[in-house]
Amino acid sequence: MSVITTVAREILRSRCTNCLLYRTYATRKRFYRNTGIVQNDSKWEVTLDHRRLKTPNGSVLLVNSEPLARAIAAEWDAQSEAISQPTMHLTALCNTALDNPGKLTSHDIVTYLLEYFPTDTLLFYNEEERELRILQEKKWGPILNWFQKTFDVTQDVSSGFEPPPMHTETRAILARYLLAFDFAALNAISFGVEALKSPILMLACINRRLEPKEAVMLARLEEEYQLSRWGRVPWAHELNQAELTARVAASLLVVHCSSEIHTSKVKSSPQQEITQ
Amino acid sequence: MASLTTKPALVTLRQLLSELRKQSSAKKLSDNQMVQYVFSQYRKYQTTDQQLCKAADEMHYRAKTYFDYMHHIRKYKEINTEFKGKGERSVEDTARMVGFKLPHDPKP
């Protein structure tokens, strides 16, 4: 009996990863009315009515920055009848950073990202279709140039199936850059990189060179090119686009909120200065 | 162009508020904690949104990202509910599709 249940569970699980559309997960009804935040020392907690929001491991969800806590509270507030946790990326990112189910360290994530780097989408140009190649050079070229200029590195693009070589200096520069982020931000970066399939696009987003929408557009460039020829299907392409953009935006919010420096100096507007 | 009173920044503000209105459960929009916070931040960075004096449009970028997040999550949910499969058809439905009826009291 138990063998059958485990087999059934395995089948269900494999189906889940293959197609997100038919994912079946236990849903909970919304059990709270209002959401809010409270300050706890220098950190922030999210409250659902009078209860404190907790991570799956049972510890209290503590975040470093106020806007992030507020956004999580707003996210819980946006649930209508059932709580659909798979669409709550901000909560999920903070949960993962606190619980750390993979038992990772910052160094593990940085190594993973550096290994990901040579297989970046932007480094593989199409070689069969001329039109697509021209489009890729036009759209990806500026971002690649920006990357090389900002980080003061040179990066070749791939020819054929082989990933292009990555210089040791590039590795060192990127490792130094990435290690400056804290664990929650690194976790979010790797989430964003996995959505975009491109560390370069993620770096461009972190440095505000691109907006999430534009980055997703560039990551899906080939798909968009084919769509312009063969037509769009809302339940596949638009769903995918919406999902990716939400993921990238969520990871960017976490990165930008956790790396912000609080300054107490507020500049007053010119009108206020005149009246004073 | 780093002030949060420029036109694009105000457009983002309106988009944010519209999205919050669609998703918030509070009756009055001004009761929502996020709305209050967004307004306070917009007022605070009225003159300039540069915190580190190197990134232009820092707060505006964040506002846009937050709008993107909320907007696309909503869109994702909408598409998903619209096209979500209803599961398998029952035997009765299948029979009706081809013009058959099931016997009323099937005996085992």
# chains A, B, ... in the order shown; residues from 1 in each chain; ligands from 1

call {"tool": "closest_atom_pairs", "arguments": {"of": "chain B", "to": "region 194-212 of chain A", "cutoff": "10 Å", "atoms": "only C-alpha atoms", "output": "JSON lines"}}
result
{"residue": "B:Ala55", "atom": "CA", "partner": "A:Arg208", "partner_atom": "CA", "distance": 7.8}
{"residue": "B:Ala56", "atom": "CA", "partner": "A:Arg208", "partner_atom": "CA", "distance": 8.7}
{"residue": "B:Asp57", "atom": "CA", "partner": "A:Arg208", "partner_atom": "CA", "distance": 8.6}
{"residue": "B:Glu58", "atom": "CA", "partner": "A:Arg208", "partner_atom": "CA", "distance": 8.0}
{"residue": "B:Tyr61", "atom": "CA", "partner": "A:Arg208", "partner_atom": "CA", "distance": 7.2}
{"residue": "B:Arg62", "atom": "CA", "partner": "A:Arg208", "partner_atom": "CA", "distance": 9.4}
{"residue": "B:Lys64", "atom": "CA", "partner": "A:Glu211", "partner_atom": "CA", "distance": 8.1}
{"residue": "B:Thr65", "atom": "CA", "partner": "A:Pro212", "partner_atom": "CA", "distance": 6.8}
{"residue": "B:Asp68", "atom": "CA", "partner": "A:Pro212", "partner_atom": "CA", "distance": 7.5}
{"residue": "B:Tyr69", "atom": "CA", "partner": "A:Pro212", "partner_atom": "CA", "distance": 8.9}

call {"tool": "write_last_selection", "arguments": {"atoms": "all heavy atoms", "output": "compact mmCIF listing (two decimals), in the first residue's frame"}}
result
# COMPACT_ATOMS: atom_id res chain seq x y z
N ALA B 55 23.06 56.68 -8.52
CA ALA B 55 22.04 56.08 -9.37
C ALA B 55 20.91 57.08 -9.58
O ALA B 55 20.26 57.50 -8.62
CB ALA B 55 21.50 54.83 -8.72
N ALA B 56 20.71 57.46 -10.80
CA ALA B 56 19.58 58.34 -11.09
C ALA B 56 18.31 57.52 -11.04
O ALA B 56 18.32 56.32 -11.26
CB ALA B 56 19.77 58.96 -12.46
N ASP B 57 17.24 58.18 -10.70
CA ASP B 57 15.93 57.52 -10.74
C ASP B 57 15.81 56.33 -9.80
O ASP B 57 15.11 55.37 -10.08
CB ASP B 57 15.61 57.03 -12.17
CG ASP B 57 14.96 58.12 -12.98
OD1 ASP B 57 14.68 59.17 -12.38
OD2 ASP B 57 14.75 57.93 -14.17
N GLU B 58 16.50 56.39 -8.67
CA GLU B 58 16.52 55.21 -7.81
C GLU B 58 15.13 54.84 -7.28
O GLU B 58 14.69 53.70 -7.42
CB GLU B 58 17.47 55.48 -6.64
CG GLU B 58 17.81 54.24 -5.87
CD GLU B 58 18.74 54.53 -4.72
OE1 GLU B 58 19.52 55.48 -4.82
OE2 GLU B 58 18.68 53.80 -3.74
N TYR B 61 12.69 53.97 -10.06
CA TYR B 61 12.93 52.61 -10.55
C TYR B 61 12.25 51.60 -9.63
O TYR B 61 11.62 50.65 -10.07
CB TYR B 61 14.43 52.34 -10.63
CG TYR B 61 14.75 50.99 -11.22
CD1 TYR B 61 14.93 50.86 -12.59
CD2 TYR B 61 14.88 49.87 -10.43
CE1 TYR B 61 15.21 49.63 -13.15
CE2 TYR B 61 15.16 48.63 -10.98
CZ TYR B 61 15.33 48.52 -12.34
OH TYR B 61 15.60 47.30 -12.89
N ARG B 62 12.37 51.85 -8.32
CA ARG B 62 11.78 50.91 -7.38
C ARG B 62 10.25 50.91 -7.52
O ARG B 62 9.61 49.84 -7.49
CB ARG B 62 12.17 51.25 -5.95
CG ARG B 62 11.70 50.19 -5.00
CD ARG B 62 12.08 50.48 -3.60
NE ARG B 62 13.52 50.46 -3.42
CZ ARG B 62 14.10 50.82 -2.30
NH1 ARG B 62 13.38 51.26 -1.29
NH2 ARG B 62 15.40 50.77 -2.18
N LYS B 64 8.57 51.59 -10.16
CA LYS B 64 8.22 50.90 -11.41
C LYS B 64 8.32 49.39 -11.24
O LYS B 64 7.47 48.64 -11.71
CB LYS B 64 9.15 51.36 -12.55
CG LYS B 64 8.73 52.68 -13.16
CD LYS B 64 9.51 52.97 -14.42
CE LYS B 64 10.90 53.43 -14.08
NZ LYS B 64 11.65 53.95 -15.23
N THR B 65 9.40 48.96 -10.54
CA THR B 65 9.57 47.52 -10.32
C THR B 65 8.40 46.97 -9.52
O THR B 65 7.87 45.91 -9.83
CB THR B 65 10.87 47.25 -9.55
OG1 THR B 65 11.91 48.00 -10.14
CG2 THR B 65 11.23 45.79 -9.58
N ASP B 68 5.44 46.69 -11.71
CA ASP B 68 5.59 45.53 -12.59
C ASP B 68 5.24 44.25 -11.86
O ASP B 68 4.53 43.38 -12.38
CB ASP B 68 7.04 45.42 -13.07
CG ASP B 68 7.27 46.21 -14.33
OD1 ASP B 68 6.29 46.74 -14.86
OD2 ASP B 68 8.43 46.30 -14.78
N TYR B 69 5.73 44.15 -10.63
CA TYR B 69 5.50 42.94 -9.85
C TYR B 69 4.01 42.71 -9.65
O TYR B 69 3.47 41.67 -9.98
CB TYR B 69 6.23 43.04 -8.51
CG TYR B 69 5.96 41.87 -7.61
CD1 TYR B 69 6.37 40.59 -7.99
CD2 TYR B 69 5.29 42.00 -6.41
CE1 TYR B 69 6.11 39.50 -7.20
CE2 TYR B 69 5.03 40.91 -5.61
CZ TYR B 69 5.44 39.67 -6.01
OH TYR B 69 5.18 38.58 -5.23

call {"tool": "select_by_dssp", "arguments": {"residues": "region 19-84 of chain B", "states": "alpha helix (DSSP H)", "output": "ChimeraX atom specification"}}
result
/B:19-23,33-44,58-83

call {"tool": "closest_atom_pairs", "arguments": {"of": "chain B", "to": "chain A", "cutoff": "6 Å", "atoms": "only C-alpha atoms", "output": "CSV"}}
result
residue,atom,partner,partner_atom,distance
B:Gln23,CA,A:Ala78,CA,4.7
B:Ser24,CA,A:Ala78,CA,5.3
B:Thr47,CA,A:Ser269,CA,5.1
B:Thr65,CA,A:Ala249,CA,5.5
B:Tyr69,CA,A:Ala246,CA,4.7
B:His72,CA,A:Ala242,CA,4.9
B:Ile73,CA,A:Ala246,CA,5.8
B:Tyr76,CA,A:Ala242,CA,5.5

call {"tool": "write_last_selection", "arguments": {"atoms": "N, CA and C atoms", "output": "short mmCIF file (atom, residue, chain, number, x, y, z; two decimals), in the first residue's frame"}}
result
data_model
loop_
_atom_site.label_atom_id
_atom_site.label_comp_id
_atom_site.auth_asym_id
_atom_site.auth_seq_id
_atom_site.Cartn_x
_atom_site.Cartn_y
_atom_site.Cartn_z
N GLN B 23 -6.20 45.22 -5.91
CA GLN B 23 -5.80 44.06 -5.11
C GLN B 23 -6.07 44.21 -3.62
N SER B 24 -6.24 45.44 -3.17
CA SER B 24 -6.38 45.64 -1.73
C SER B 24 -7.74 45.16 -1.25
N THR B 47 11.98 66.19 -3.82
CA THR B 47 13.02 67.01 -4.43
C THR B 47 13.96 66.18 -5.28
N THR B 65 9.40 48.96 -10.54
CA THR B 65 9.57 47.52 -10.32
C THR B 65 8.40 46.97 -9.52
N TYR B 69 5.73 44.15 -10.63
CA TYR B 69 5.50 42.94 -9.85
C TYR B 69 4.01 42.71 -9.65
N HIS B 72 2.01 42.07 -13.02
CA HIS B 72 2.19 40.79 -13.69
C HIS B 72 1.69 39.62 -12.87
N ILE B 73 1.75 39.75 -11.54
CA ILE B 73 1.17 38.69 -10.72
C ILE B 73 -0.34 38.62 -10.98
N TYR B 76 -0.95 37.14 -14.40
CA TYR B 76 -0.69 35.69 -14.36
C TYR B 76 -1.88 34.96 -13.78
#

call {"tool": "atom_distance", "arguments": {"atom1": "CA of Thr170 (chain A)", "atom2": "CA of Gln155 (chain A)"}}
result
8.1 Å

call {"tool": "residues_around", "arguments": {"residues": "Ser59 (chain A)", "least_positions_apart": "2", "cutoff": "12 Å", "atoms": "only C-alpha atoms", "output": "PyMOL selection string"}}
result
chain A and resi 45+52-57+61-62+94-100

call {"tool": "write_last_selection", "arguments": {"atoms": "N, CA and C atoms", "output": "PDB file, in the first residue's frame"}}
result
ATOM      1  N   GLU A  45       8.423  42.863  11.061  1.00  0.00           N
ATOM      2  CA  GLU A  45       7.636  41.645  10.986  1.00  0.00           C
ATOM      3  C   GLU A  45       6.326  41.944  10.286  1.00  0.00           C
ATOM      4  N   ARG A  52       1.544  36.617  13.979  1.00  0.00           N
ATOM      5  CA  ARG A  52       2.772  36.965  13.264  1.00  0.00           C
ATOM      6  C   ARG A  52       2.987  35.980  12.124  1.00  0.00           C
ATOM      7  N   LEU A  53       3.395  36.485  11.003  1.00  0.00           N
ATOM      8  CA  LEU A  53       3.656  35.615   9.845  1.00  0.00           C
ATOM      9  C   LEU A  53       4.931  34.823  10.101  1.00  0.00           C
ATOM     10  N   LYS A  54       4.865  33.512   9.850  1.00  0.00           N
ATOM     11  CA  LYS A  54       6.033  32.667  10.105  1.00  0.00           C
ATOM     12  C   LYS A  54       6.503  31.988   8.833  1.00  0.00           C
ATOM     13  N   THR A  55       7.725  31.540   8.850  1.00  0.00           N
ATOM     14  CA  THR A  55       8.267  30.811   7.705  1.00  0.00           C
ATOM     15  C   THR A  55       7.817  29.354   7.808  1.00  0.00           C
ATOM     16  N   PRO A  56       7.955  28.560   6.729  1.00  0.00           N
ATOM     17  CA  PRO A  56       7.555  27.147   6.805  1.00  0.00           C
ATOM     18  C   PRO A  56       8.265  26.381   7.920  1.00  0.00           C
ATOM     19  N   ASN A  57       9.469  26.785   8.272  1.00  0.00           N
ATOM     20  CA  ASN A  57      10.187  26.104   9.359  1.00  0.00           C
ATOM     21  C   ASN A  57       9.698  26.520  10.732  1.00  0.00           C
ATOM     22  N   LEU A  61       8.954  35.456  10.514  1.00  0.00           N
ATOM     23  CA  LEU A  61       9.495  36.084   9.299  1.00  0.00           C
ATOM     24  C   LEU A  61       9.988  37.491   9.641  1.00  0.00           C
ATOM     25  N   LEU A  62      11.305  37.658   9.617  1.00  0.00           N
ATOM     26  CA  LEU A  62      11.901  38.956   9.918  1.00  0.00           C
ATOM     27  C   LEU A  62      12.584  39.480   8.670  1.00  0.00           C
ATOM     28  N   CYS A  94      11.843  35.643   0.870  1.00  0.00           N
ATOM     29  CA  CYS A  94      12.255  35.918   2.254  1.00  0.00           C
ATOM     30  C   CYS A  94      12.266  34.631   3.067  1.00  0.00           C
ATOM     31  N   ASN A  95      11.265  33.766   2.832  1.00  0.00           N
ATOM     32  CA  ASN A  95      11.237  32.472   3.519  1.00  0.00           C
ATOM     33  C   ASN A  95      12.496  31.675   3.225  1.00  0.00           C
ATOM     34  N   THR A  96      12.843  31.591   1.949  1.00  0.00           N
ATOM     35  CA  THR A  96      14.022  30.802   1.570  1.00  0.00           C
ATOM     36  C   THR A  96      15.271  31.376   2.200  1.00  0.00           C
ATOM     37  N   ALA A  97      15.372  32.701   2.218  1.00  0.00           N
ATOM     38  CA  ALA A  97      16.575  33.308   2.784  1.00  0.00           C
ATOM     39  C   ALA A  97      16.674  33.012   4.274  1.00  0.00           C
ATOM     40  N   LEU A  98      15.529  32.958   4.969  1.00  0.00           N
ATOM     41  CA  LEU A  98      15.574  32.725   6.419  1.00  0.00           C
ATOM     42  C   LEU A  98      15.753  31.246   6.747  1.00  0.00           C
ATOM     43  N   ASP A  99      14.981  30.401   6.063  1.00  0.00           N
ATOM     44  CA  ASP A  99      15.031  28.969   6.377  1.00  0.00           C
ATOM     45  C   ASP A  99      16.249  28.299   5.769  1.00  0.00           C
ATOM     46  N   ASN A 100      16.630  28.761   4.603  1.00  0.00           N
ATOM     47  CA  ASN A 100      17.757  28.188   3.865  1.00  0.00           C
ATOM     48  C   ASN A 100      17.652  26.676   3.740  1.00  0.00           C
TER      49      ASN A 100
END

call {"tool": "residues_around", "arguments": {"residues": "Glu129 (chain A)", "least_positions_apart": "4", "cutoff": "12 Å", "atoms": "only C-alpha atoms", "output": "list of chain:residue names"}}
result
A:Tyr125, A:Arg133, A:Ile134, A:Leu135, A:Gln136, A:Glu222, A:Tyr225, A:Gln226

call {"tool": "atom_distance", "arguments": {"atom1": "CA of Pro118 (chain A)", "atom2": "CA of Ala175 (chain A)"}}
result
13.9 Å

call {"tool": "atom_distance", "arguments": {"atom1": "CA of Thr150 (chain A)", "atom2": "CA of Phe191 (chain A)"}}
result
22.7 Å

call {"tool": "closest_residue", "arguments": {"among": "A:Arg176, A:Leu122, A:Thr154, A:Arg229", "to": "Gly141 (chain A)", "atoms": "only C-alpha atoms"}}
result
A:Leu122

call {"tool": "residues_around", "arguments": {"residues": "His71 (chain B)", "least_positions_apart": "4", "cutoff": "7 Å", "atoms": "only C-alpha atoms", "output": "JSON, numbers by chain"}}
result
{"B": [19, 67, 75]}

call {"tool": "select_by_dssp", "arguments": {"residues": "region 59-173 of chain A", "states": "strand (DSSP E)", "output": "list in words"}}
result
Leu62, Val63, Ala82 and Ile83 of chain A

call {"tool": "write_last_selection", "arguments": {"atoms": "C-alpha atoms", "output": "compact mmCIF listing (two decimals), in the first residue's frame"}}
result
# COMPACT_ATOMS: atom_id res chain seq x y z
CA LEU A 62 11.90 38.96 9.92
CA VAL A 63 13.00 41.27 7.13
CA ALA A 82 -7.84 31.24 -1.22
CA ILE A 83 -4.21 31.94 -0.45

call {"tool": "residues_around", "arguments": {"residues": "Arg14 (chain B)", "least_positions_apart": "6", "cutoff": "12 Å", "atoms": "only C-alpha atoms", "output": "PDB file with N, CA, C and O atoms, in the first residue's frame"}}
result
ATOM      1  N   LYS B   7       6.802  63.989 -14.676  1.00  0.00           N
ATOM      2  CA  LYS B   7       5.593  63.345 -15.187  1.00  0.00           C
ATOM      3  C   LYS B   7       5.672  61.813 -15.181  1.00  0.00           C
ATOM      4  O   LYS B   7       4.745  61.172 -14.698  1.00  0.00           O
ATOM      5  N   PRO B   8       6.785  61.219 -15.668  1.00  0.00           N
ATOM      6  CA  PRO B   8       6.815  59.748 -15.640  1.00  0.00           C
ATOM      7  C   PRO B   8       6.662  59.170 -14.242  1.00  0.00           C
ATOM      8  O   PRO B   8       6.011  58.134 -14.061  1.00  0.00           O
ATOM      9  N   LEU B  20      -2.999  48.797  -6.674  1.00  0.00           N
ATOM     10  CA  LEU B  20      -3.308  48.552  -5.261  1.00  0.00           C
ATOM     11  C   LEU B  20      -4.816  48.553  -5.039  1.00  0.00           C
ATOM     12  O   LEU B  20      -5.333  47.800  -4.222  1.00  0.00           O
ATOM     13  N   ARG B  21      -5.518  49.404  -5.789  1.00  0.00           N
ATOM     14  CA  ARG B  21      -6.974  49.451  -5.636  1.00  0.00           C
ATOM     15  C   ARG B  21      -7.596  48.119  -6.048  1.00  0.00           C
ATOM     16  O   ARG B  21      -8.513  47.624  -5.422  1.00  0.00           O
ATOM     17  N   VAL B  35      -0.474  52.040   0.544  1.00  0.00           N
ATOM     18  CA  VAL B  35      -0.801  53.320  -0.094  1.00  0.00           C
ATOM     19  C   VAL B  35      -0.221  54.466   0.731  1.00  0.00           C
ATOM     20  O   VAL B  35       0.407  55.393   0.199  1.00  0.00           O
ATOM     21  N   VAL B  38       3.511  54.513   0.217  1.00  0.00           N
ATOM     22  CA  VAL B  38       3.898  55.016  -1.102  1.00  0.00           C
ATOM     23  C   VAL B  38       3.802  56.536  -1.134  1.00  0.00           C
ATOM     24  O   VAL B  38       4.721  57.232  -1.595  1.00  0.00           O
ATOM     25  N   PHE B  39       2.701  57.059  -0.565  1.00  0.00           N
ATOM     26  CA  PHE B  39       2.552  58.523  -0.550  1.00  0.00           C
ATOM     27  C   PHE B  39       3.656  59.186   0.268  1.00  0.00           C
ATOM     28  O   PHE B  39       4.220  60.193  -0.130  1.00  0.00           O
ATOM     29  N   TYR B  42       6.809  59.153  -1.723  1.00  0.00           N
ATOM     30  CA  TYR B  42       6.768  60.117  -2.817  1.00  0.00           C
ATOM     31  C   TYR B  42       6.979  61.531  -2.284  1.00  0.00           C
ATOM     32  O   TYR B  42       7.649  62.343  -2.904  1.00  0.00           O
ATOM     33  N   ALA B  63       9.692  52.111  -7.683  1.00  0.00           N
ATOM     34  CA  ALA B  63       8.241  52.202  -7.840  1.00  0.00           C
ATOM     35  C   ALA B  63       7.804  51.440  -9.088  1.00  0.00           C
ATOM     36  O   ALA B  63       6.815  50.703  -9.072  1.00  0.00           O
ATOM     37  N   LYS B  64       8.573  51.586 -10.162  1.00  0.00           N
ATOM     38  CA  LYS B  64       8.222  50.901 -11.413  1.00  0.00           C
ATOM     39  C   LYS B  64       8.323  49.389 -11.236  1.00  0.00           C
ATOM     40  O   LYS B  64       7.469  48.636 -11.706  1.00  0.00           O
ATOM     41  N   PHE B  67       5.417  48.172  -9.310  1.00  0.00           N
ATOM     42  CA  PHE B  67       4.226  48.139 -10.157  1.00  0.00           C
ATOM     43  C   PHE B  67       4.276  46.916 -11.076  1.00  0.00           C
ATOM     44  O   PHE B  67       3.292  46.189 -11.199  1.00  0.00           O
TER      45      PHE B  67
END

call {"tool": "closest_residue", "arguments": {"among": "B:His60, B:Arg96, B:Lys44, B:Lys84", "to": "Ala9 (chain B)", "atoms": "only C-alpha atoms"}}
result
B:His60
